[in-house]
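Chemist: This is the structure I have questions about; it appears just below.
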Amino acid sequence: MKAVDCPYEIMILNSRQLIIPRETYQRSLRTQRVEAIVADFDERIANEPKVSCRNGRYYVFDGQHTINARVARNGGRDLPIRCKVYYGLTESDEALLFAKQTGASAKLSPGAEIRANIYGGREIEMHFLHVNESIGLTLDYDQKHGYKRIACIKTAFEEFQAIGPDKYKEAMCLLLEAWNGEPDSLRAENVKGMCRFIDLYHGEYNPQRMVMQLRKFDPLTIYREGHATGSSLAGYKKYLYQVYRIYNGTSRKNALPLKF
């Protein structure tokens, strides 16, 4: 979304007029966050909720927790709230603005941010979504950790950007084929280790051998053995090494050279 001047005005709206689009791009209400705002509420520094006036209705794209805190402080009853009301925004514009929230009180989870950017139609996130869907994977925005669901969305998206869509897809297909989308197989450590292995050994390794070797191990092996290496390998390399070690096994003939 390009930065453009967007007309707005300060308006007093009743809280019952304010629509929070949780079914599309908004995150769920966090009651603990509302309780924290209520406990530490100070009218002198409270921000006005940001609202889009679209088709005669008022959609909140920043400030749902503040609104609910104000209602809670009013005994659960609706009340007038000072809002910053914008005009001329589309629903996609609202989603992209929601995703750009950076304040400490409004910090989004990686899943919530990516979900909003996808709903807003941002190209890179849309491509990320389509690549995963093309191989049967679901982005797990709420981190429910089910079969064929990517809960480590931040890590997966970072790897997608780092090594490119084709190599990312290749890496995720190997994890899927080896462990059938079992939740532990799609942990951040496995995703990172496999993506970096593919990036480093693309065109040199044998995919069938990789799947066969992975199936000999529990999907938590990369995570457990990587953590056990301590500080001997830094960052992602401890997980890359586990993938490399599993692939090579005890074979000298099929062993790949160490490149990292």
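Following the order of the structure tokens, chains are lettered A, B, ..., residues in each are numbered from 1, and ligands are numbered from 1.
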Please list as a list in words every residue within 8 Å of region 138-153 of chain A, counting only C-alpha atoms and excluding residues in the same chain fewer than 3 positions away.
Modeler: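 Contacts, in chain order: Pro110, Gly111, Ala112, Arg115, Leu129, Asn132, Glu133, Ala156, Phe157, Leu176, Asn180, Gly181, Glu182, Pro183, Leu186, Arg187 and Ala188 of chain A.
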Chemist: Could you write out the selected residues, including all heavy atoms, as a tab-separated table (two decimals), in the first residue's frame?
Modeler:
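What ended up in out.tsv:
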```tsv
chain	number	residue	atom	x	y	z
A	110	PRO	N	3.48	-12.62	14.32
A	110	PRO	CA	3.81	-12.81	12.91
A	110	PRO	C	2.63	-13.35	12.11
A	110	PRO	O	2.39	-12.95	10.97
A	110	PRO	CB	4.98	-13.80	12.95
A	110	PRO	CG	5.61	-13.57	14.28
A	110	PRO	CD	4.48	-13.25	15.21
A	111	GLY	N	1.88	-14.28	12.72
A	111	GLY	CA	0.73	-14.84	12.02
A	111	GLY	C	-0.34	-13.81	11.73
A	111	GLY	O	-0.90	-13.77	10.63
A	112	ALA	N	-0.62	-12.95	12.72
A	112	ALA	CA	-1.64	-11.92	12.53
A	112	ALA	C	-1.20	-10.91	11.48
A	112	ALA	O	-2.02	-10.46	10.66
A	112	ALA	CB	-1.91	-11.21	13.86
A	115	ARG	N	-1.40	-12.65	8.03
A	115	ARG	CA	-2.81	-12.83	7.68
A	115	ARG	C	-3.41	-11.52	7.16
A	115	ARG	O	-4.12	-11.50	6.15
A	115	ARG	CB	-3.58	-13.31	8.90
A	115	ARG	CG	-5.07	-13.52	8.63
A	115	ARG	CD	-5.81	-13.75	9.92
A	115	ARG	NE	-7.22	-14.02	9.69
A	115	ARG	CZ	-8.17	-13.80	10.60
A	115	ARG	NH1	-7.87	-13.29	11.76
A	115	ARG	NH2	-9.42	-14.08	10.32
A	129	LEU	N	1.46	-17.69	0.59
A	129	LEU	CA	0.24	-18.46	0.84
A	129	LEU	C	-0.01	-19.47	-0.27
A	129	LEU	O	-0.27	-20.66	-0.02
A	129	LEU	CB	-0.95	-17.52	0.96
A	129	LEU	CG	-2.34	-18.18	1.04
A	129	LEU	CD1	-2.50	-18.93	2.35
A	129	LEU	CD2	-3.44	-17.13	0.89
A	132	ASN	N	2.38	-22.53	-0.36
A	132	ASN	CA	2.06	-23.51	0.68
A	132	ASN	C	0.78	-24.27	0.36
A	132	ASN	O	0.72	-25.50	0.51
A	132	ASN	CB	1.95	-22.81	2.04
A	132	ASN	CG	3.29	-22.48	2.64
A	132	ASN	OD1	4.04	-23.36	3.04
A	132	ASN	ND2	3.64	-21.20	2.66
A	133	GLU	N	-0.24	-23.57	-0.09
A	133	GLU	CA	-1.49	-24.24	-0.43
A	133	GLU	C	-1.32	-25.21	-1.59
A	133	GLU	O	-2.00	-26.25	-1.64
A	133	GLU	CB	-2.55	-23.19	-0.78
A	133	GLU	CG	-3.06	-22.41	0.43
A	133	GLU	CD	-4.16	-21.42	0.07
A	133	GLU	OE1	-4.26	-21.04	-1.12
A	133	GLU	OE2	-4.90	-21.03	0.99
A	156	ALA	N	8.99	-19.74	8.57
A	156	ALA	CA	8.71	-20.21	7.21
A	156	ALA	C	8.75	-19.07	6.20
A	156	ALA	O	9.30	-19.20	5.11
A	156	ALA	CB	7.35	-20.91	7.17
A	157	PHE	N	8.17	-17.94	6.58
A	157	PHE	CA	8.13	-16.78	5.67
A	157	PHE	C	9.54	-16.23	5.46
A	157	PHE	O	9.91	-15.84	4.34
A	157	PHE	CB	7.21	-15.71	6.23
A	157	PHE	CG	6.99	-14.54	5.31
A	157	PHE	CD1	6.53	-14.73	4.01
A	157	PHE	CD2	7.22	-13.24	5.74
A	157	PHE	CE1	6.32	-13.66	3.16
A	157	PHE	CE2	7.02	-12.16	4.90
A	157	PHE	CZ	6.56	-12.37	3.61
A	176	LEU	N	7.10	-32.98	4.04
A	176	LEU	CA	5.77	-33.57	3.92
A	176	LEU	C	5.83	-35.04	3.53
A	176	LEU	O	5.13	-35.89	4.09
A	176	LEU	CB	4.96	-32.79	2.88
A	176	LEU	CG	4.17	-31.58	3.35
A	176	LEU	CD1	3.54	-30.87	2.15
A	176	LEU	CD2	3.09	-31.98	4.34
A	180	ASN	N	4.60	-36.93	6.47
A	180	ASN	CA	3.15	-36.80	6.24
A	180	ASN	C	2.50	-35.62	6.96
A	180	ASN	O	1.32	-35.69	7.33
A	180	ASN	CB	2.43	-38.09	6.65
A	180	ASN	CG	2.90	-39.29	5.85
A	180	ASN	OD1	2.98	-39.23	4.62
A	180	ASN	ND2	3.26	-40.37	6.53
A	181	GLY	N	3.25	-34.56	7.17
A	181	GLY	CA	2.67	-33.36	7.76
A	181	GLY	C	2.45	-33.45	9.25
A	181	GLY	O	1.71	-32.64	9.82
A	182	GLU	N	3.07	-34.41	9.93
A	182	GLU	CA	2.95	-34.55	11.38
A	182	GLU	C	3.40	-33.22	12.02
A	182	GLU	O	4.40	-32.64	11.61
A	182	GLU	CB	3.83	-35.72	11.84
A	182	GLU	CG	3.50	-36.28	13.19
A	182	GLU	CD	4.15	-35.51	14.32
A	182	GLU	OE1	5.18	-34.85	14.10
A	182	GLU	OE2	3.61	-35.56	15.44
A	183	PRO	N	2.67	-32.72	13.02
A	183	PRO	CA	2.97	-31.38	13.57
A	183	PRO	C	4.43	-31.15	13.95
A	183	PRO	O	4.99	-30.10	13.64
A	183	PRO	CB	2.05	-31.30	14.79
A	183	PRO	CG	0.88	-32.15	14.42
A	183	PRO	CD	1.45	-33.29	13.63
A	186	LEU	N	6.97	-30.09	11.27
A	186	LEU	CA	6.92	-28.74	10.71
A	186	LEU	C	7.33	-27.69	11.74
A	186	LEU	O	6.94	-26.52	11.66
A	186	LEU	CB	5.50	-28.45	10.18
A	186	LEU	CG	5.07	-29.36	9.02
A	186	LEU	CD1	3.60	-29.13	8.68
A	186	LEU	CD2	5.94	-29.13	7.79
A	187	ARG	N	8.11	-28.11	12.71
A	187	ARG	CA	8.68	-27.17	13.68
A	187	ARG	C	9.63	-26.20	12.97
A	187	ARG	O	10.17	-26.50	11.90
A	187	ARG	CB	9.45	-27.92	14.76
A	187	ARG	CG	8.61	-28.76	15.72
A	187	ARG	CD	9.51	-29.43	16.73
A	187	ARG	NE	10.21	-28.43	17.54
A	187	ARG	CZ	9.83	-28.06	18.76
A	187	ARG	NH1	8.77	-28.61	19.32
A	187	ARG	NH2	10.51	-27.15	19.44
A	188	ALA	N	9.87	-25.08	13.60
A	188	ALA	CA	10.76	-24.07	13.02
A	188	ALA	C	12.14	-24.63	12.73
A	188	ALA	O	12.76	-24.30	11.70
A	188	ALA	CB	10.86	-22.87	13.96
```
Chemist: Using DSSP on the backbone, list every residue of region 137-201 of chain A that comes out as strand (DSSP E), and give them as a PyMOL selection string.
Modeler: chain A and resi 138-139+149-150
Chemist: Output N, CA and C atoms for every residue in that selection, as a PDB file, in the first residue's frame.
Modeler:
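This went into out32.pdb:
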```pdb
ATOM      1  N   THR A 138      -1.292 -25.599   5.247  1.00  0.00           N
ATOM      2  CA  THR A 138      -2.123 -24.490   5.718  1.00  0.00           C
ATOM      3  C   THR A 138      -1.314 -23.604   6.645  1.00  0.00           C
ATOM      4  N   LEU A 139      -1.448 -22.294   6.497  1.00  0.00           N
ATOM      5  CA  LEU A 139      -0.804 -21.365   7.420  1.00  0.00           C
ATOM      6  C   LEU A 139      -1.620 -21.336   8.710  1.00  0.00           C
ATOM      7  N   ARG A 149      -0.132 -28.168   9.083  1.00  0.00           N
ATOM      8  CA  ARG A 149      -0.341 -26.766   9.440  1.00  0.00           C
ATOM      9  C   ARG A 149       0.989 -26.144   9.853  1.00  0.00           C
ATOM     10  N   ILE A 150       1.324 -25.004   9.266  1.00  0.00           N
ATOM     11  CA  ILE A 150       2.574 -24.322   9.594  1.00  0.00           C
ATOM     12  C   ILE A 150       2.320 -23.321  10.709  1.00  0.00           C
TER      13      ILE A 150
END
```
Chemist: Pick out the closest residue to Ile37 (chain A) from this set: A:Ser52, A:Cys6, A:Glu113, A:Arg70. Count only C-alpha atoms.
Modeler: A:Arg70
Chemist: Just the number, please: distance in Å from CA of Ser185 (chain A) to CA of Leu220 (chain A), one decimal.
Modeler: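 The value is 6.8 Å.
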Chemist: Can you tell me which residues surround Asn206 (chain A) at a distance of at most 12 Å, considering only C-alpha atoms, apart from same-chain residues fewer than 2 positions away, and format the answer as a PyMOL selection string?
Modeler: chain A and resi 174+198+201-204+208-213+247-248+254-256
Chemist: If we count only C-alpha atoms and set the cut-off at 7 Å, which residues sit around region 79-83 of chain A, ignoring sequence neighbours fewer than 4 positions away in its own chain? Please answer as an MDAnalysis selection string.
Modeler: chainID A and resid 10:15 48:51 71
Chemist: Out of A:Lys238, A:Arg57, A:Lys216, A:Arg77, which residue has the shortest atom-to-atom distance to Lys192 (chain A) when counting only C-alpha atoms?
Modeler: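 Among the listed residues, A:Lys238 lies closest to Lys192 (chain A).
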Chemist: Neighbouring residues of Thr90 (chain A) were defined as those with any atom within 12 Å, considering only C-alpha atoms; residues of the same chain fewer than 5 positions away were excluded. Please report them as a ChimeraX atom specification.
Modeler: /A:1,6,51-55,59,61,95-97,119-121
Chemist: Residues of the last selection are to be written out with C-alpha atoms, as an mmCIF file, in the first residue's frame.
Modeler:
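Full text of part_32.cif as output:
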```
data_model
loop_
_atom_site.group_PDB
_atom_site.id
_atom_site.type_symbol
_atom_site.label_atom_id
_atom_site.label_comp_id
_atom_site.auth_asym_id
_atom_site.auth_seq_id
_atom_site.Cartn_x
_atom_site.Cartn_y
_atom_site.Cartn_z
ATOM 1 C CA MET A 1 0.000 0.000 0.000
ATOM 2 C CA CYS A 6 -6.106 10.245 3.452
ATOM 3 C CA VAL A 51 -11.638 3.924 12.191
ATOM 4 C CA SER A 52 -12.487 3.676 8.492
ATOM 5 C CA CYS A 53 -15.832 5.093 7.390
ATOM 6 C CA ARG A 54 -16.859 2.772 4.552
ATOM 7 C CA ASN A 55 -20.338 2.526 3.074
ATOM 8 C CA TYR A 59 -14.715 -0.232 10.832
ATOM 9 C CA PHE A 61 -8.495 -1.106 12.101
ATOM 10 C CA ALA A 95 -6.079 -4.689 6.421
ATOM 11 C CA LEU A 96 -2.680 -3.380 5.290
ATOM 12 C CA LEU A 97 -2.823 -0.518 7.800
ATOM 13 C CA TYR A 119 -6.152 -10.194 3.153
ATOM 14 C CA GLY A 120 -4.912 -6.819 1.978
ATOM 15 C CA GLY A 121 -3.471 -8.427 -1.145
#
```
Chemist: Apply DSSP to the structure's backbone, then extract all residues of region 111-200 of chain A labelled helix (DSSP H, G or I) and return them as a PyMOL selection string.
Modeler: chain A and resi 111-119+123-134+153-163+165-179+183-186+188-200
Chemist: Quick one: residues within 9 Å of Pro165 (chain A), only C-alpha atoms counted, chain neighbours fewer than 6 positions away excluded, as a ChimeraX atom specification?
Modeler: /A:127-128,131,159
Chemist: Selected residues, all heavy atoms, written as a PDB file, in the first residue's frame, please.
Modeler:
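To be explicit, this is the file written out as result18.pdb:
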```
ATOM      1  N   HIS A 127       1.951 -14.716  -2.456  1.00  0.00           N
ATOM      2  CA  HIS A 127       2.751 -15.759  -3.107  1.00  0.00           C
ATOM      3  C   HIS A 127       3.114 -16.856  -2.102  1.00  0.00           C
ATOM      4  O   HIS A 127       3.039 -18.057  -2.404  1.00  0.00           O
ATOM      5  CB  HIS A 127       4.002 -15.140  -3.715  1.00  0.00           C
ATOM      6  CG  HIS A 127       4.694 -16.035  -4.694  1.00  0.00           C
ATOM      7  ND1 HIS A 127       5.887 -15.700  -5.299  1.00  0.00           N
ATOM      8  CD2 HIS A 127       4.383 -17.276  -5.162  1.00  0.00           C
ATOM      9  CE1 HIS A 127       6.259 -16.675  -6.100  1.00  0.00           C
ATOM     10  NE2 HIS A 127       5.374 -17.647  -6.030  1.00  0.00           N
ATOM     11  N   PHE A 128       3.510 -16.436  -0.909  1.00  0.00           N
ATOM     12  CA  PHE A 128       3.839 -17.371   0.173  1.00  0.00           C
ATOM     13  C   PHE A 128       2.643 -18.276   0.476  1.00  0.00           C
ATOM     14  O   PHE A 128       2.781 -19.505   0.576  1.00  0.00           O
ATOM     15  CB  PHE A 128       4.239 -16.565   1.409  1.00  0.00           C
ATOM     16  CG  PHE A 128       4.519 -17.371   2.646  1.00  0.00           C
ATOM     17  CD1 PHE A 128       5.525 -18.322   2.675  1.00  0.00           C
ATOM     18  CD2 PHE A 128       3.769 -17.165   3.809  1.00  0.00           C
ATOM     19  CE1 PHE A 128       5.785 -19.057   3.829  1.00  0.00           C
ATOM     20  CE2 PHE A 128       4.030 -17.888   4.959  1.00  0.00           C
ATOM     21  CZ  PHE A 128       5.034 -18.831   4.976  1.00  0.00           C
ATOM     22  N   VAL A 131       2.018 -20.793  -2.542  1.00  0.00           N
ATOM     23  CA  VAL A 131       3.007 -21.868  -2.616  1.00  0.00           C
ATOM     24  C   VAL A 131       2.697 -22.946  -1.583  1.00  0.00           C
ATOM     25  O   VAL A 131       2.736 -24.149  -1.877  1.00  0.00           O
ATOM     26  CB  VAL A 131       4.435 -21.317  -2.425  1.00  0.00           C
ATOM     27  CG1 VAL A 131       5.424 -22.455  -2.170  1.00  0.00           C
ATOM     28  CG2 VAL A 131       4.864 -20.528  -3.656  1.00  0.00           C
ATOM     29  N   GLU A 159      12.328 -17.949   5.554  1.00  0.00           N
ATOM     30  CA  GLU A 159      13.035 -18.875   4.671  1.00  0.00           C
ATOM     31  C   GLU A 159      12.537 -18.748   3.238  1.00  0.00           C
ATOM     32  O   GLU A 159      13.318 -18.823   2.284  1.00  0.00           O
ATOM     33  CB  GLU A 159      12.874 -20.314   5.174  1.00  0.00           C
ATOM     34  CG  GLU A 159      13.548 -20.587   6.500  1.00  0.00           C
ATOM     35  CD  GLU A 159      15.024 -20.237   6.491  1.00  0.00           C
ATOM     36  OE1 GLU A 159      15.738 -20.674   5.557  1.00  0.00           O
ATOM     37  OE2 GLU A 159      15.473 -19.509   7.390  1.00  0.00           O
TER      38      GLU A 159
END
```
